[in-house]
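Novice: For reference, the structure I am asking about is given below.
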Amino acid sequence: MEHQKEELAEPVSPVGQYFNSSVLCIYIIGVLEFDVPIDDLQTYALLRDVFLPINPRFSSIMVQDKEGEKQWKQVDVNLKDHVNIPIFPEGKTVEVHDKYFHDYLSSISMEQLPQSRPLWEIHMINYPTSAACSTIIFKLHHALGDGYSLMGALLSCLHRADNPLLPLSFPSLKQSNPEPSTKSLSRKFSWMLSSAFNTVSDFGWSVLKSSIISDDKTPIRFGDDGADFQPISISSMTFSIDHIKDIKSRLGVTINDVITGIVFYGTRLYMQDMDSKSKSSHSTALVLLNTRNIEGYQSINDMLNTKAKGPWGNKITFLHVPIPKLNETRISTPLEFIRDSHNIIKRKKQSFGVVLTGTLLDMEGKLRGQEAVAKRIRGTLTKSSAVISNLVGPVQQMALVNHPVKGLYFTLAGGPESLVISIMSYMGVIRVTLKTEKDFIDEQKLMACIQSAFEMILRAAMEIPIETKR
């Protein structure tokens, strides 16, 4: 079954080239969990009529022109090459299917997609697990676009389960008690000085972290070699967004601050449990940021507009965020991890270090080529301890051609890091997904530690009256 396309060349963005180079090959793995079986889905018709028309890149391959520049070249798409329907043993229990699904997801995430055809594929799992009646896995190369773009593409294929005519809405991530917009002259001057200092500090630190300084070896970081080709494991856990909002309201921070604090605290508890010395090790997380100045998702047509506020592509950068160290005070007062996360991220937002870092990478790309930049980015990943990424999903339940979507989560695969933590909100639930290096990180123990961190932070937050807004 082929989908015919006219040839059309489009330059590959610098970031797209970084993510599909000789040293980096990054994939986005998206998982849709359904309430009902999906054996009656008209898969090929959906892909042909809905998915492929979203963006020409879904029917293009990456080629190099005579000048050595990489281009997207449209080709004929044989949809059968992109659809996989695995066969699990029949008559097994849900628990056995859980293991088959877990092993299958981890295995396909490691496999490289052929460069000779468009860089995406889907896997349709029509077997019940403890999480869903059936599942679809999307594997898309990061060169096609970032999480924002690909989430926008996914949303264009789905509709509200209760009423397809109504738009989907998204939760607010704003702070509970935002600072007033009016500032005195002295406060503005102080902010400018602080911003200038933070910019110089963050830019210098980013350069050092990308070239010289490595994190300590710990139970979450094996060393500088990278784990690109090591077996991985992918698991996820859920938290009630109402509980997260309750903590947010009592501390006067953002949802992202709360989730980041819980993940950091749980990670340190795991590190301490595996090696007591690592509780105070020097460890940093690379937090991926969407650089678009927009809330929610635009339509695909708006994204493809060259003047769009939220354009299609890889519009991301990263922050080096130190993981707060664990000491006796913080063990007894876990809310300090939330406050530390809030203060660190707030200070980083007062800095233009990420802008300068992006400018430096652009200059290096022009002078030394995109492969040199890709090597630098890979070095940054290997010298850090974890990668953290998040996406915001809709509040209402979605459906794919009247098949209700029960759950939704994603992760990144193919990189050299031993730990990726991906965070996704959907339908009143926060889904935290861990991609870990198998046989190095004990994912079950790490999830248990993050769960313990959440429970300790929730208990501590409940002792604070909402009125104080600390």
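Convention: chains lettered A, B, ... in structure tokens order; per-chain residue numbering from 1; ligands numbered from 1 as shown.
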With only C-alpha atoms as the counted atoms, please give the residues lying no more than 10 Å from Ala461 of chain A, apart from itself and same-chain residues fewer than 4 positions off, as a JSON list (two decimals) with C-alpha atoms, in the first residue's frame.
Specialist:
```json
[["chain", "number", "residue", "atom", "x", "y", "z"],
["A", 246, "ASP", "CA", -2.91, 21.01, 46.49],
["A", 247, "ILE", "CA", 0.84, 21.05, 47.16],
["A", 248, "LYS", "CA", 1.24, 23.86, 44.60],
["A", 249, "SER", "CA", -1.42, 26.00, 46.32],
["A", 250, "ARG", "CA", 0.04, 25.55, 49.79],
["A", 251, "LEU", "CA", 3.58, 26.42, 48.68],
["A", 334, "PRO", "CA", 11.24, 17.31, 52.16],
["A", 335, "LEU", "CA", 9.42, 20.50, 51.13],
["A", 455, "GLU", "CA", 3.87, 10.75, 49.83],
["A", 456, "MET", "CA", 6.32, 12.49, 52.20],
["A", 457, "ILE", "CA", 5.98, 15.81, 50.38],
["A", 465, "PRO", "CA", -2.55, 26.15, 55.86],
["A", 466, "ILE", "CA", -3.45, 27.23, 52.34]]
```
Novice: Can you pull out every residue within 9 Å of Val50 of chain A, counting only C-alpha atoms, but drop anything in the same chain fewer than 4 positions away, and send it as JSON, numbers by chain?
Specialist: {"A": [45, 46, 54, 156, 157]}
Novice: Just write the chosen residues, all heavy atoms, as a tab-separated table (two decimals), in the first residue's frame.
Specialist:
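Result written to part.tsv:
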```tsv
chain	number	residue	atom	x	y	z
A	45	ALA	N	-6.12	3.73	6.28
A	45	ALA	CA	-6.90	4.90	5.83
A	45	ALA	C	-6.60	6.10	6.72
A	45	ALA	O	-6.46	7.23	6.22
A	45	ALA	CB	-8.39	4.57	5.86
A	46	LEU	N	-6.49	5.88	8.03
A	46	LEU	CA	-6.17	6.97	8.95
A	46	LEU	C	-4.80	7.56	8.66
A	46	LEU	O	-4.61	8.77	8.63
A	46	LEU	CB	-6.22	6.47	10.40
A	46	LEU	CG	-7.59	6.34	11.04
A	46	LEU	CD1	-7.48	5.60	12.37
A	46	LEU	CD2	-8.22	7.70	11.25
A	54	ILE	N	-0.50	15.82	7.49
A	54	ILE	CA	-0.20	16.79	8.54
A	54	ILE	C	1.05	17.59	8.21
A	54	ILE	O	1.09	18.81	8.36
A	54	ILE	CB	-0.04	16.08	9.90
A	54	ILE	CG1	-1.40	15.61	10.41
A	54	ILE	CG2	0.61	16.99	10.93
A	54	ILE	CD1	-1.31	14.76	11.65
A	156	SER	N	-4.27	16.58	16.31
A	156	SER	CA	-5.04	16.82	15.09
A	156	SER	C	-5.70	15.54	14.58
A	156	SER	O	-6.62	15.59	13.77
A	156	SER	CB	-4.14	17.41	14.00
A	156	SER	OG	-3.23	16.46	13.53
A	157	CYS	N	-5.22	14.38	15.05
A	157	CYS	CA	-5.81	13.09	14.66
A	157	CYS	C	-6.90	12.66	15.63
A	157	CYS	O	-7.63	11.70	15.35
A	157	CYS	CB	-4.73	12.01	14.61
A	157	CYS	SG	-3.38	12.32	13.47
```
Novice: Would you mind listing what lies within 12 Å of Asp228 of chain A as a ChimeraX atom specification, with only C-alpha atoms counted and same-chain residues fewer than 2 positions away left out?
Specialist: /A:23-27,109-112,224-226,230-232,378,381-382,412-419,436-438
Novice: Go ahead and save the picked residues with C-alpha atoms, as a PDB file, in the first residue's frame.
Specialist:
```pdb
ATOM      1  CA  VAL A  23      26.903  10.578  17.094  1.00  0.00           C
ATOM      2  CA  LEU A  24      23.231  11.191  17.979  1.00  0.00           C
ATOM      3  CA  CYS A  25      20.024   9.463  16.888  1.00  0.00           C
ATOM      4  CA  ILE A  26      17.154  10.544  19.150  1.00  0.00           C
ATOM      5  CA  TYR A  27      13.589   9.215  19.008  1.00  0.00           C
ATOM      6  CA  SER A 109      12.773   1.872  21.427  1.00  0.00           C
ATOM      7  CA  MET A 110      16.373   0.700  21.011  1.00  0.00           C
ATOM      8  CA  GLU A 111      16.078  -0.171  17.325  1.00  0.00           C
ATOM      9  CA  GLN A 112      17.241   2.303  14.675  1.00  0.00           C
ATOM     10  CA  ASP A 224      31.416   9.519  30.291  1.00  0.00           C
ATOM     11  CA  ASP A 225      31.174   6.715  27.718  1.00  0.00           C
ATOM     12  CA  GLY A 226      27.402   6.956  27.307  1.00  0.00           C
ATOM     13  CA  GLN A 230      22.947  -0.460  26.216  1.00  0.00           C
ATOM     14  CA  PRO A 231      19.605  -2.244  26.793  1.00  0.00           C
ATOM     15  CA  ILE A 232      16.955   0.026  28.294  1.00  0.00           C
ATOM     16  CA  ARG A 378      26.301  14.427  23.031  1.00  0.00           C
ATOM     17  CA  LEU A 381      24.317  14.624  27.682  1.00  0.00           C
ATOM     18  CA  THR A 382      27.020  12.191  28.798  1.00  0.00           C
ATOM     19  CA  LEU A 412      12.955   9.816  24.612  1.00  0.00           C
ATOM     20  CA  ALA A 413      15.175   7.004  23.342  1.00  0.00           C
ATOM     21  CA  GLY A 414      18.471   6.589  21.515  1.00  0.00           C
ATOM     22  CA  GLY A 415      20.498   9.045  23.601  1.00  0.00           C
ATOM     23  CA  PRO A 416      23.648   8.339  25.636  1.00  0.00           C
ATOM     24  CA  GLU A 417      22.122   9.139  29.046  1.00  0.00           C
ATOM     25  CA  SER A 418      21.285   6.403  31.569  1.00  0.00           C
ATOM     26  CA  LEU A 419      18.140   8.109  32.875  1.00  0.00           C
ATOM     27  CA  THR A 436      16.538   3.670  32.438  1.00  0.00           C
ATOM     28  CA  GLU A 437      19.690   1.794  31.494  1.00  0.00           C
ATOM     29  CA  LYS A 438      18.841  -1.852  32.124  1.00  0.00           C
TER      30      LYS A 438
END
```
Novice: Please list as an mmCIF file with N, CA, C and O atoms, in the first residue's frame every residue within 9 Å of Val429 of chain A, counting only C-alpha atoms and excluding residues in the same chain fewer than 4 positions away.
Specialist:
```
data_model
loop_
_atom_site.group_PDB
_atom_site.id
_atom_site.type_symbol
_atom_site.label_atom_id
_atom_site.label_comp_id
_atom_site.auth_asym_id
_atom_site.auth_seq_id
_atom_site.Cartn_x
_atom_site.Cartn_y
_atom_site.Cartn_z
ATOM 1 N N THR A 238 1.821 7.012 37.950
ATOM 2 C CA THR A 238 0.848 8.100 37.869
ATOM 3 C C THR A 238 0.668 8.786 39.220
ATOM 4 O O THR A 238 0.838 8.177 40.285
ATOM 5 N N PHE A 239 0.326 10.083 39.144
ATOM 6 C CA PHE A 239 -0.003 10.882 40.326
ATOM 7 C C PHE A 239 -1.263 11.688 40.018
ATOM 8 O O PHE A 239 -1.465 12.119 38.872
ATOM 9 N N SER A 240 -2.083 11.890 41.026
ATOM 10 C CA SER A 240 -3.283 12.702 40.857
ATOM 11 C C SER A 240 -2.893 14.167 40.713
ATOM 12 O O SER A 240 -2.155 14.709 41.547
ATOM 13 N N ILE A 241 -3.403 14.815 39.674
ATOM 14 C CA ILE A 241 -3.083 16.235 39.489
ATOM 15 C C ILE A 241 -3.718 17.089 40.587
ATOM 16 O O ILE A 241 -3.217 18.159 40.922
ATOM 17 N N ASP A 242 -4.807 16.591 41.194
ATOM 18 C CA ASP A 242 -5.423 17.329 42.303
ATOM 19 C C ASP A 242 -4.485 17.381 43.504
ATOM 20 O O ASP A 242 -4.389 18.408 44.185
ATOM 21 N N VAL A 395 -7.239 18.267 29.271
ATOM 22 C CA VAL A 395 -7.997 17.960 30.487
ATOM 23 C C VAL A 395 -9.063 16.909 30.191
ATOM 24 O O VAL A 395 -9.320 16.015 31.005
ATOM 25 N N GLY A 407 -5.136 6.516 28.505
ATOM 26 C CA GLY A 407 -3.881 7.052 29.050
ATOM 27 C C GLY A 407 -2.950 7.487 27.939
ATOM 28 O O GLY A 407 -3.089 7.067 26.779
ATOM 29 N N MET A 424 4.030 13.943 31.770
ATOM 30 C CA MET A 424 2.902 14.251 30.882
ATOM 31 C C MET A 424 1.626 14.348 31.697
ATOM 32 O O MET A 424 1.355 13.497 32.550
ATOM 33 N N SER A 425 0.832 15.383 31.457
ATOM 34 C CA SER A 425 -0.474 15.492 32.117
ATOM 35 C C SER A 425 -1.558 15.110 31.122
ATOM 36 O O SER A 425 -1.482 15.410 29.933
#
```
Novice: Just checking: using only C-alpha atoms, which residue out of A:Ala372, A:Val75, A:Leu41, A:Leu269 ends up closest to Met447 of chain A?
Specialist: A:Leu269
Novice: Between A:Asp76, A:Asp65, A:Asp146, A:Asp40, which residue has the minimum interatomic distance to Leu288 of chain A, considering only C-alpha atoms?
Specialist: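 Comparing A:Asp76, A:Asp65, A:Asp146, A:Asp40 against Leu288 of chain A, the winner is A:Asp146.
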Novice: Which of these residues is nearest to Asp103 of chain A, using only C-alpha atoms: A:Gln42, A:Ser235, A:Asn20, A:Asn55?
Specialist: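 Selected residue with least distance to Asp103 of chain A: A:Ser235.
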Novice: Using only C-alpha atoms, find each residue in segment 18-42 of chain A having at least one atom no more than 10 Å away from segment 124-137 of chain A; report its shortest atom-to-atom pair and that distance in Å (one decimal), rows by chain then rising number, as a Markdown table.
Specialist:
```
| residue | atom | partner | partner_atom | distance |
| --- | --- | --- | --- | --- |
| A:Ile29 | CA | A:Ile137 | CA | 7.0 |
| A:Gly30 | CA | A:Ile137 | CA | 5.7 |
| A:Val31 | CA | A:Ile137 | CA | 4.6 |
| A:Leu32 | CA | A:Ile136 | CA | 5.2 |
| A:Glu33 | CA | A:Thr135 | CA | 4.6 |
| A:Phe34 | CA | A:Ser134 | CA | 5.3 |
| A:Asp35 | CA | A:Cys133 | CA | 5.4 |
| A:Val36 | CA | A:Cys133 | CA | 5.4 |
| A:Pro37 | CA | A:Ser134 | CA | 5.4 |
| A:Ile38 | CA | A:Asn126 | CA | 6.2 |
| A:Asp39 | CA | A:Asn126 | CA | 6.6 |
```
Novice: Return the single residue from A:Gln71, A:Asn256, A:Ser169, A:Ser236 that is closest to Gly393 of chain A, with distances computed using only C-alpha atoms.
Specialist: A:Ser169
Novice: In Å, with one decimal, what is the gap from atom CA of Leu105 of chain A to atom CA of Ser233 of chain A?
Specialist: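 So the answer is 8.2 Å.
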Novice: Grab the atom CA of Ala285 of chain A to atom CA of Ile28 of chain A distance for me, in Å with one decimal place.
Specialist: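 One can read the atom CA of Ala285 of chain A to atom CA of Ile28 of chain A distance as 18.7 Å.
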Novice: What does the structure give for the distance between atom CA of Gln17 of chain A and atom CA of Pro114 of chain A, in Å to one decimal?
Specialist: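 Separation between atom CA of Gln17 of chain A and atom CA of Pro114 of chain A: 15.8 Å.
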Novice: Run DSSP on the backbone and tell me which residues of segment 259-291 of chain A come out as helix (DSSP H, G or I); list them as a VMD selection string.
Specialist: chain A and resid 259 to 274 276 to 280
Novice: Would you mind listing what lies within 6 Å of Ser385 of chain A as an mmCIF file with N, CA, C and O atoms, in the first residue's frame, with only C-alpha atoms counted and same-chain residues fewer than 2 positions away left out?
Specialist:
```
data_model
loop_
_atom_site.group_PDB
_atom_site.id
_atom_site.type_symbol
_atom_site.label_atom_id
_atom_site.label_comp_id
_atom_site.auth_asym_id
_atom_site.auth_seq_id
_atom_site.Cartn_x
_atom_site.Cartn_y
_atom_site.Cartn_z
ATOM 1 N N ARG A 221 24.363 7.539 37.091
ATOM 2 C CA ARG A 221 25.288 7.942 36.017
ATOM 3 C C ARG A 221 26.506 7.035 36.039
ATOM 4 O O ARG A 221 27.305 7.067 36.981
ATOM 5 N N SER A 283 25.473 16.288 40.941
ATOM 6 C CA SER A 283 24.638 15.720 39.876
ATOM 7 C C SER A 283 23.757 16.815 39.297
ATOM 8 O O SER A 283 23.196 17.630 40.034
ATOM 9 N N THR A 284 23.644 16.835 37.984
ATOM 10 C CA THR A 284 22.790 17.825 37.322
ATOM 11 C C THR A 284 21.818 17.126 36.378
ATOM 12 O O THR A 284 22.095 16.046 35.860
ATOM 13 N N ALA A 285 20.686 17.771 36.164
ATOM 14 C CA ALA A 285 19.698 17.303 35.191
ATOM 15 C C ALA A 285 19.643 18.296 34.040
ATOM 16 O O ALA A 285 19.711 19.517 34.259
#
```
Novice: May I ask which of the residues A:Val392, A:Leu400, A:Met62, A:Ile338 is the closest one to Val253 of chain A, counting only C-alpha atoms?
Specialist: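 Closest residue, counting only C-alpha atoms: A:Ile338.
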